[in-house]
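One structure below.
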Amino acid sequence: SEQMPGQPQPCVFQPTPVVNAKDLNISEYFGRVSSQDPRLSACVAQVFRASEEAWQKPEFDEYVLVLEGKVQLEFSDGTSLTATAGSGIFLPRGLRVKWKWPGPCKYIPICLPAFSTDNCGREEEEGVAHAKSGKDWQELRQMHAASKHPWLYHVAKKELWEKAKQERTTYFPPTFEQDGKFTHATADPTKLVDVLNYFYKGEKSEYVCLRTSKQKLEEAGVKVVFEPTA
């Protein structure tokens with residue numbers, strides 16, 4: 001049938017590996033990382049051996065299709081339920097839950113709105129080995145931050161920036177060595193004025209705002225790390 005202008009078009013998405021842990025692999029087909037869609041996320045999760053996840057209290061409704069194995073869910077009121085292959089689960093938003101797998105399992109979680117590391121309500125649990133380790137969780141946070149913030153902004157003294165361009169040398173901020181060979185940037189340009197007023201209000205120098213992307217920086221061999229707002 002003929003598509004009207006402005007209507008969504010049919011398209012095919014390839015899955016994006018978002019978790020590649022020893023006990024758990026997750027590939028996202030739709031969501032904030034793979035399709036940049038905040039409305040819904042749909043993944044295929046593969047559990048390789050008995051394991052569990054941290055307690056969480058998501059801000060989304062979750063529909064789960066169990067394809068292989070068994071899923072055990074524990075709730076904060078002391079109740080639990082078990083779903084086996086061929087069954088489905090509905091978990092309403094705001095429900096505190098712990099996921100456990102007694103053995104290998106394959107399932108499809110569908111979240112509305114889409115899963116993110118900010119809205120899943122994952123709790124820290126000391127001394128517990130989870131299917132997603134601390135390193136796996138940080139890598140997932142980086143993916144979501146990069147997807148949410150395609151542009152990065154850095155304010156530089158105009159004279160230093162112009163000098164680097166004229167001499168065709170790499171620009172480094174004056175505090176590069178002091179900060180551990182790290183150049184600060186922000187993903188939210190609205191915060192730049194507050195930063196300038198806080199650190200440089202008494203200075204008379206001219207500044208320029210530089211815009212780049214994580215992709216461009218990594219193509220140039222620069223490692224990009226997203227950190228929580230100080």
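In the structure tokens, each chain is lettered A, B, ... as it comes, each chain's residues begin at 1, and ligands are numbered from 1 in order of appearance.
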
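Within the 12 Å cut-off around Asp77 in chain A, using only C-alpha atoms and omitting residues fewer than 3 positions from it on the same chain, the listed residues are Leu73, Glu74, Ser80, Leu95, Arg96, Val97 and Lys98 of chain A.
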
Surrounding residues of Pro17 in chain A excluding itself and chain neighbours under 4 positions, 8 Å, only C-alpha atoms, as a ChimeraX atom specification: /A:25-28

Write a file of the selected residues as a JSON list (two decimals), in the first residue's frame, keeping C-alpha atoms.
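Saved file again-v6.json follows:
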```
[["chain", "number", "residue", "atom", "x", "y", "z"],
["A", 25, "ASN", "CA", 24.25, -12.62, 26.80],
["A", 26, "ILE", "CA", 21.63, -10.07, 25.77],
["A", 27, "SER", "CA", 21.02, -8.84, 22.21],
["A", 28, "GLU", "CA", 18.76, -5.82, 21.79]]
```

Per residue of range 125-177 of chain A within 6 Å of range 202-224 of chain A, note the shortest atom pair and the distance in Å to one decimal, counting only C-alpha atoms, and order the rows by chain and increasing residue number, as a tab-separated table.
```
residue	atom	partner	partner_atom	distance
A:Pro150	CA	A:Ser213	CA	6.0
A:Trp151	CA	A:Ser213	CA	4.7
A:Leu152	CA	A:Thr212	CA	5.3
A:Tyr153	CA	A:Arg211	CA	4.7
A:His154	CA	A:Leu210	CA	5.1
A:Val155	CA	A:Cys209	CA	4.6
A:Ala156	CA	A:Val208	CA	5.5
A:Lys157	CA	A:Tyr207	CA	4.5
A:Lys158	CA	A:Tyr207	CA	4.8
```

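Minimum atom-to-atom distance to Arg93 in chain A, evaluated using only C-alpha atoms, belongs to A:Asn119 out of A:Asn119, A:Ser35, A:Gln72, A:Gln138.
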
Could you jot down the CA of Asp23 in chain A to CA of Asp37 in chain A separation for me, Å, one decimal place? 27.2 Å
